[in-house]
Every structure is written in C-alpha cells, then in structure tokens.
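**Q** Okay, handing you the structure first.
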Amino acid sequence: MAAGRLTLPDSQQHFFTADPKVASARQTITMALADGSARLDTDAGVFATGRLDRGTRILLEHAPRPPDSGDILDLGCGYGPIAIMCAMRSRPAHIWAVDVNNRALGLTRDNAARNGLDNITAARPDEVPDAIRFVAIYSNPPIHIGKPALHDLLLRWLPRLTTDGAAYLVVQKNLGSDSLAKWLNEQGFPTERQTSVAGYRILRTTLPRE
C-alpha cells in the first residue's frame with residue numbers, strides 16, 4: 001500500500017502488509033448475486049475473511065456493469081470478489097486484480113481458476129505495466145489506512161483511466177464518503193454520488209476535464 005501511518009489495531013494491520021503473520025485458515029463462501037454466483041476461498045490475514053462484506057456487495061449490486069472490453073482494475077482486490085464478478089460479467093475484458101497482500105493475490109488466482117476464469121491477472125502494484133489504461137476501476141478502497149495513504153493510492157491509479165473511463169468507489173458515509181468526493185473534485189477529478197444504499201455511497205470519478 002502507499003506509504004502512510006496505519007492507525008488500525010494489530011489484528012487488522014496484516015490486511016495491508018505483503019505477508020500476513022497471522023496463520024492461514026481458509027474458508028469457502030458462496031457469493032450469490034442476481035446475475036450469477038461463485039464459490040470463493042477466503043483466508044485469515046485478508047480483508048473480510050469468511051464473508052462478502054456489505055460495501056463490496058453494494059458495489060457489485062449497484063455500480064454499472066463493466067465495459068464489454070478493455071482493461072479493468074479491481075483496486076485492493078482482497079480475495080477477489082470484485083475481480084471475479086467483473087470477469088464473469090465481461091469475459092472479453094481483462095481484469096487486473098491489484099493488492100499489496102501476497103496471500104490475497106494467491107486467493108484471487110485460486111478463485112479465478114476455481115470459477116474457470118482466464119481473464120484475470122492478480123498482481124502487485126508495480127507489476128502492472130505502465131502503459132495499461134483502464135476503461136473502468138472498481139474499488140472498496142482501504143479507508144482505514146488514513147487519508148494521506150488513501151489519497152496517494154488514488155492519485156496513483158485514477159490518472160490511468162481512459163478518457164472515457166470511470167472509477168466506482170464504495171465508501172461508507174460515516175467513514176468520509178462525502179469528504180472524499182469533495183477532495184477528489186478539488187484535485188480536478190470530477191466526482192459525483194452515483195447512488196446511496198444502506199449508509200454507503202458509490203462515487204463515480206473520471207479524469208479531469210481538459
């Protein structure tokens with residue numbers, strides 16, 4: 001993850017480290033949505049172990065479907081639920097599932113294989129070729145890493161949208177979704193609330209207007 005001071009308790013900081021120290025304890029869940037389902041392995045040391053967290057479910061249920069082709073980014077992929085559903089919904093597209101957590105990347109690769117998906121690449125941030133531009137970005141961003149690190153993360157990846165691309169970020173209202181939208185607009189990235197569901201906002205962000 002981008003540099004920044006973590007304020008999380010020790011029990012959660014391993015989500016944002018390369019190699020979690022907590023012992024592996026895989027659990028398999030079923031992610032069931034209106035247009036499809038998938039069996040996914042989760043693990044200790046990876047965000048939302050043993051469940052599909054509410055923010056990710058809301059993003060998958062309410063954000064626009066992925067484009068029919070092109071490169072798509074799942075930023076902070078965890079065990080891969082967003083990448084898996086994007087790959088299922090848009091098989092001609094190529095999904096980049098990016099995380100700093102090696103255990104998360106291993107899970108994403110295994111979950112892609114389990115569900116017969118060959119259009120996902122799970123990669124650390126520096127492994128994504130610089131020339132890649134994304135027609136869409138989907139993310140349940142790691143708000144708890146703190147504003148400086150979160151801002152650095154977004155400023156690294158949002159400029160890699162295509163000119164007609166958009167990023168969809170799901171953020172709880174009480175964790176600063178409105179202030180994040182304000183900040184993004186101040187940085188020149190047009191950002192609006194796409195929808196609001198159960199205390200979560202889905203923000204839509206595009207490249208700065210010329």
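Labeling convention for the structure tokens: chains A, B, ... as they appear, residues from 1 per chain, ligands from 1 in order of appearance.
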Name the residues in contact with A:Ala131 at a cut-off of 12 Å, using only C-alpha atoms, excluding same-chain residues fewer than 5 positions from it; report them as a list in words.

**A** Asp71, Pro159, Arg160, Leu161 and Thr162 of chain A

**Q** Could you write out the selected residues, including C-alpha atoms, as a PDB file, in the first residue's frame?

**A**
ATOM      1  CA  ASP A  71      -8.591  -3.384 -19.174  1.00  0.00           C
ATOM      2  CA  PRO A 159      -4.860   9.120 -13.767  1.00  0.00           C
ATOM      3  CA  ARG A 160      -4.630   5.738 -15.524  1.00  0.00           C
ATOM      4  CA  LEU A 161      -8.273   5.822 -16.575  1.00  0.00           C
ATOM      5  CA  THR A 162      -9.003   6.122 -20.267  1.00  0.00           C
TER       6      THR A 162
END

**Q** Tell me which protein, DNA and RNA residues are within 9 Å of stretch 140-144 of chain A, counting only C-alpha atoms, leaving out same-chain ones fewer than 4 positions away, and put them as a ChimeraX atom specification.

**A** /A:6-8,16,55-56,59,74-77,82,149-150,154,168-171,175-176

**Q** With C-alpha atoms retained, could you export that selection as a PDB file, in the first residue's frame?

**A**
ATOM      1  CA  LEU A   6      -1.718   2.953   9.899  1.00  0.00           C
ATOM      2  CA  THR A   7      -3.973   3.554  12.883  1.00  0.00           C
ATOM      3  CA  LEU A   8      -5.536   0.104  12.791  1.00  0.00           C
ATOM      4  CA  PHE A  16      -2.186  -4.111   4.263  1.00  0.00           C
ATOM      5  CA  GLY A  55     -19.687  -2.465   0.916  1.00  0.00           C
ATOM      6  CA  THR A  56     -18.414  -4.857  -1.742  1.00  0.00           C
ATOM      7  CA  LEU A  59     -20.793  -2.024  -5.189  1.00  0.00           C
ATOM      8  CA  ASP A  74     -10.000  -4.051  -9.144  1.00  0.00           C
ATOM      9  CA  LEU A  75      -8.017  -1.844  -6.762  1.00  0.00           C
ATOM     10  CA  GLY A  76      -7.355  -3.552  -3.432  1.00  0.00           C
ATOM     11  CA  CYS A  77      -8.728  -6.876  -4.591  1.00  0.00           C
ATOM     12  CA  ILE A  82     -14.946  -7.734  -7.425  1.00  0.00           C
ATOM     13  CA  ALA A 149      -2.034   6.968   2.187  1.00  0.00           C
ATOM     14  CA  LEU A 150      -5.514   6.721   0.654  1.00  0.00           C
ATOM     15  CA  LEU A 154      -5.998   7.183  -5.594  1.00  0.00           C
ATOM     16  CA  TYR A 168     -16.548   3.475  -8.968  1.00  0.00           C
ATOM     17  CA  LEU A 169     -15.631   3.677  -5.279  1.00  0.00           C
ATOM     18  CA  VAL A 170     -17.862   2.424  -2.476  1.00  0.00           C
ATOM     19  CA  VAL A 171     -17.379   4.262   0.835  1.00  0.00           C
ATOM     20  CA  LEU A 175     -16.225   6.939   7.075  1.00  0.00           C
ATOM     21  CA  GLY A 176     -15.987  10.068   4.974  1.00  0.00           C
TER      22      GLY A 176
END

**Q** With a distance cut-off of 10 Å and only C-alpha atoms, select the neighbouring residues of A:Trp157, excluding the residue or stretch itself and same-chain residues fewer than 4 positions from it, and output the selection as a PyMOL selection string.

**A** chain A and resi 73+75+125+133-134+137+152-153+161+167

**Q** Would you mind exporting N, CA and C atoms of the selected residues as a PDB file, in the first residue's frame?

**A**
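This went into selection_11.pdb:
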ATOM      1  N   LEU A  73      -9.662  -2.437 -13.674  1.00  0.00           N
ATOM      2  CA  LEU A  73      -8.877  -2.551 -12.448  1.00  0.00           C
ATOM      3  C   LEU A  73      -9.784  -2.789 -11.242  1.00  0.00           C
ATOM      4  N   LEU A  75      -9.059  -2.443  -7.591  1.00  0.00           N
ATOM      5  CA  LEU A  75      -8.017  -1.844  -6.762  1.00  0.00           C
ATOM      6  C   LEU A  75      -8.208  -2.256  -5.307  1.00  0.00           C
ATOM      7  N   PRO A 125       1.107  -3.898  -7.170  1.00  0.00           N
ATOM      8  CA  PRO A 125       1.006  -2.637  -7.921  1.00  0.00           C
ATOM      9  C   PRO A 125       2.111  -2.424  -8.951  1.00  0.00           C
ATOM     10  N   ARG A 133      -4.007   1.342 -19.584  1.00  0.00           N
ATOM     11  CA  ARG A 133      -5.020   2.324 -19.205  1.00  0.00           C
ATOM     12  C   ARG A 133      -6.337   1.584 -19.000  1.00  0.00           C
ATOM     13  N   PHE A 134      -7.100   2.023 -18.013  1.00  0.00           N
ATOM     14  CA  PHE A 134      -8.274   1.277 -17.572  1.00  0.00           C
ATOM     15  C   PHE A 134      -9.572   1.926 -18.046  1.00  0.00           C
ATOM     16  N   ILE A 137     -12.464   1.354 -13.220  1.00  0.00           N
ATOM     17  CA  ILE A 137     -11.856   0.963 -11.950  1.00  0.00           C
ATOM     18  C   ILE A 137     -12.985   0.733 -10.960  1.00  0.00           C
ATOM     19  N   ASP A 152      -2.734   9.152  -1.681  1.00  0.00           N
ATOM     20  CA  ASP A 152      -1.619   8.736  -2.543  1.00  0.00           C
ATOM     21  C   ASP A 152      -2.042   7.580  -3.447  1.00  0.00           C
ATOM     22  N   LEU A 153      -2.780   6.638  -2.875  1.00  0.00           N
ATOM     23  CA  LEU A 153      -3.231   5.470  -3.641  1.00  0.00           C
ATOM     24  C   LEU A 153      -4.108   5.898  -4.818  1.00  0.00           C
ATOM     25  N   LEU A 161      -7.019   6.028 -15.855  1.00  0.00           N
ATOM     26  CA  LEU A 161      -8.273   5.822 -16.575  1.00  0.00           C
ATOM     27  C   LEU A 161      -8.123   6.254 -18.027  1.00  0.00           C
ATOM     28  N   ALA A 167     -14.174   5.516 -12.591  1.00  0.00           N
ATOM     29  CA  ALA A 167     -13.900   4.727 -11.392  1.00  0.00           C
ATOM     30  C   ALA A 167     -15.127   4.743 -10.497  1.00  0.00           C
TER      31      ALA A 167
END

**Q** Quick check, in Å to one decimal: how far apart do atom CA of A:Thr121 and atom CA of A:Ala97 lie?

**A**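 Between atom CA of A:Thr121 and atom CA of A:Ala97 the gap works out to 6.0 Å.
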
**Q** Using only C-alpha atoms, pick whichever of A:Val98, A:Ala34, A:Ala123, A:Ala18 has the shortest atom-to-atom distance to A:Ser139.

**A**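 With only C-alpha atoms as the atom set, the closest residue is A:Val98.
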
**Q** Which of these residues is nearest to A:His94, using only C-alpha atoms: A:Ala25, A:Val135, A:Gly78, A:Ala113?

**A**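 Checking each candidate against A:His94, we get A:Val135 as the closest.
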
**Q** Restricting the calculation to only C-alpha atoms: of A:Leu105, A:Ile29, A:Leu40, A:Ile58, which residue gets closest to A:Ser196?

**A**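 Of the candidates, the smallest distance to A:Ser196 is held by A:Ile58.
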
**Q** Taking the chain letters and numbering used in this document, name the residues of stretch 1-192 of chain A that DSSP puts in helix (DSSP H, G or I), as an MDAnalysis selection string.

**A** chainID A and resid 10:16 54:62 81:89 102:114 125:127 143:145 147:160 173:175 177:186

**Q** For the residues in the current selection, export C-alpha atoms as a short mmCIF file (atom, residue, chain, number, x, y, z; two decimals), in the first residue's frame.

**A**
data_model
loop_
_atom_site.label_atom_id
_atom_site.label_comp_id
_atom_site.auth_asym_id
_atom_site.auth_seq_id
_atom_site.Cartn_x
_atom_site.Cartn_y
_atom_site.Cartn_z
CA ASP A 10 -2.54 -5.03 15.17
CA SER A 11 -5.29 -7.58 14.42
CA GLN A 12 -6.17 -5.71 11.21
CA GLN A 13 -2.89 -4.21 10.01
CA HIS A 14 -1.97 -7.50 8.32
CA PHE A 15 -4.56 -6.77 5.61
CA PHE A 16 -2.19 -4.11 4.26
CA ARG A 54 -21.55 -5.22 2.76
CA GLY A 55 -19.69 -2.47 0.92
CA THR A 56 -18.41 -4.86 -1.74
CA ARG A 57 -21.87 -6.40 -2.16
CA ILE A 58 -23.42 -2.95 -2.60
CA LEU A 59 -20.79 -2.02 -5.19
CA LEU A 60 -21.41 -5.24 -7.12
CA GLU A 61 -25.19 -4.86 -6.95
CA HIS A 62 -25.49 -1.15 -7.74
CA PRO A 81 -14.88 -10.90 -5.30
CA ILE A 82 -14.95 -7.73 -7.43
CA ALA A 83 -12.47 -9.11 -9.96
CA ILE A 84 -14.38 -12.41 -10.17
CA MET A 85 -17.73 -10.74 -10.86
CA CYS A 86 -16.24 -8.29 -13.37
CA ALA A 87 -14.61 -11.21 -15.18
CA MET A 88 -17.86 -13.18 -15.20
CA ARG A 89 -19.90 -10.22 -16.42
CA ASN A 102 0.51 -11.73 -1.33
CA ARG A 103 -1.96 -14.03 0.40
CA ALA A 104 -4.81 -12.04 -1.14
CA LEU A 105 -3.27 -12.35 -4.59
CA GLY A 106 -2.88 -16.10 -4.18
CA LEU A 107 -6.53 -16.39 -3.20
CA THR A 108 -7.61 -14.34 -6.20
CA ARG A 109 -5.63 -16.58 -8.56
CA ASP A 110 -7.09 -19.71 -6.96
CA ASN A 111 -10.62 -18.30 -7.07
CA ALA A 112 -10.27 -17.36 -10.72
CA ALA A 113 -9.15 -20.90 -11.53
CA ARG A 114 -11.92 -22.44 -9.41
CA PRO A 125 1.01 -2.64 -7.92
CA ASP A 126 4.46 -2.46 -9.50
CA GLU A 127 3.70 -5.49 -11.69
CA ILE A 143 -10.25 3.89 4.09
CA HIS A 144 -8.62 2.78 7.35
CA ILE A 145 -5.07 3.28 6.07
CA LYS A 147 -6.18 9.95 4.40
CA PRO A 148 -2.58 10.59 3.29
CA ALA A 149 -2.03 6.97 2.19
CA LEU A 150 -5.51 6.72 0.65
CA HIS A 151 -5.01 9.94 -1.28
CA ASP A 152 -1.62 8.74 -2.54
CA LEU A 153 -3.23 5.47 -3.64
CA LEU A 154 -6.00 7.18 -5.59
CA LEU A 155 -3.66 9.72 -7.17
CA ARG A 156 -1.52 6.84 -8.39
CA TRP A 157 -4.32 4.94 -10.14
CA LEU A 158 -7.07 7.38 -11.15
CA PRO A 159 -4.86 9.12 -13.77
CA ARG A 160 -4.63 5.74 -15.52
CA LYS A 173 -20.98 7.81 4.67
CA ASN A 174 -19.75 7.75 8.27
CA LEU A 175 -16.23 6.94 7.07
CA SER A 177 -17.51 9.38 1.57
CA ASP A 178 -18.69 12.97 1.15
CA SER A 179 -15.36 14.46 2.20
CA LEU A 180 -13.56 12.09 -0.16
CA ALA A 181 -15.79 13.20 -3.02
CA LYS A 182 -15.04 16.82 -2.15
CA TRP A 183 -11.30 16.15 -2.08
CA LEU A 184 -11.37 14.34 -5.43
CA ASN A 185 -13.19 17.26 -7.02
CA GLU A 186 -10.62 19.63 -5.53
#

**Q** Closest to A:Ala63 among A:Thr206, A:Thr42, A:Gln194, A:Ser24, using only C-alpha atoms?

**A** A:Gln194

**Q** From the set A:Pro129, A:Asn115, A:Arg209, A:Asp164, which residue has the shortest atom-to-atom contact distance to A:Gly36, counting only C-alpha atoms?

**A** A:Asn115

**Q** Expressed in Å to a single decimal, how great is the separation between atom CA of A:Asn101 and atom CA of A:Tyr79?

**A**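 Atom-to-atom, atom CA of A:Asn101 to atom CA of A:Tyr79, that is 9.7 Å.
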
**Q** Name the closest residue to A:Pro64 among the candidates A:Ala198, A:Ala136, A:Leu207, A:Ala48; distances are taken between atoms, counting only C-alpha atoms.

**A**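 Comparing A:Ala198, A:Ala136, A:Leu207, A:Ala48 against A:Pro64, the winner is A:Ala136.
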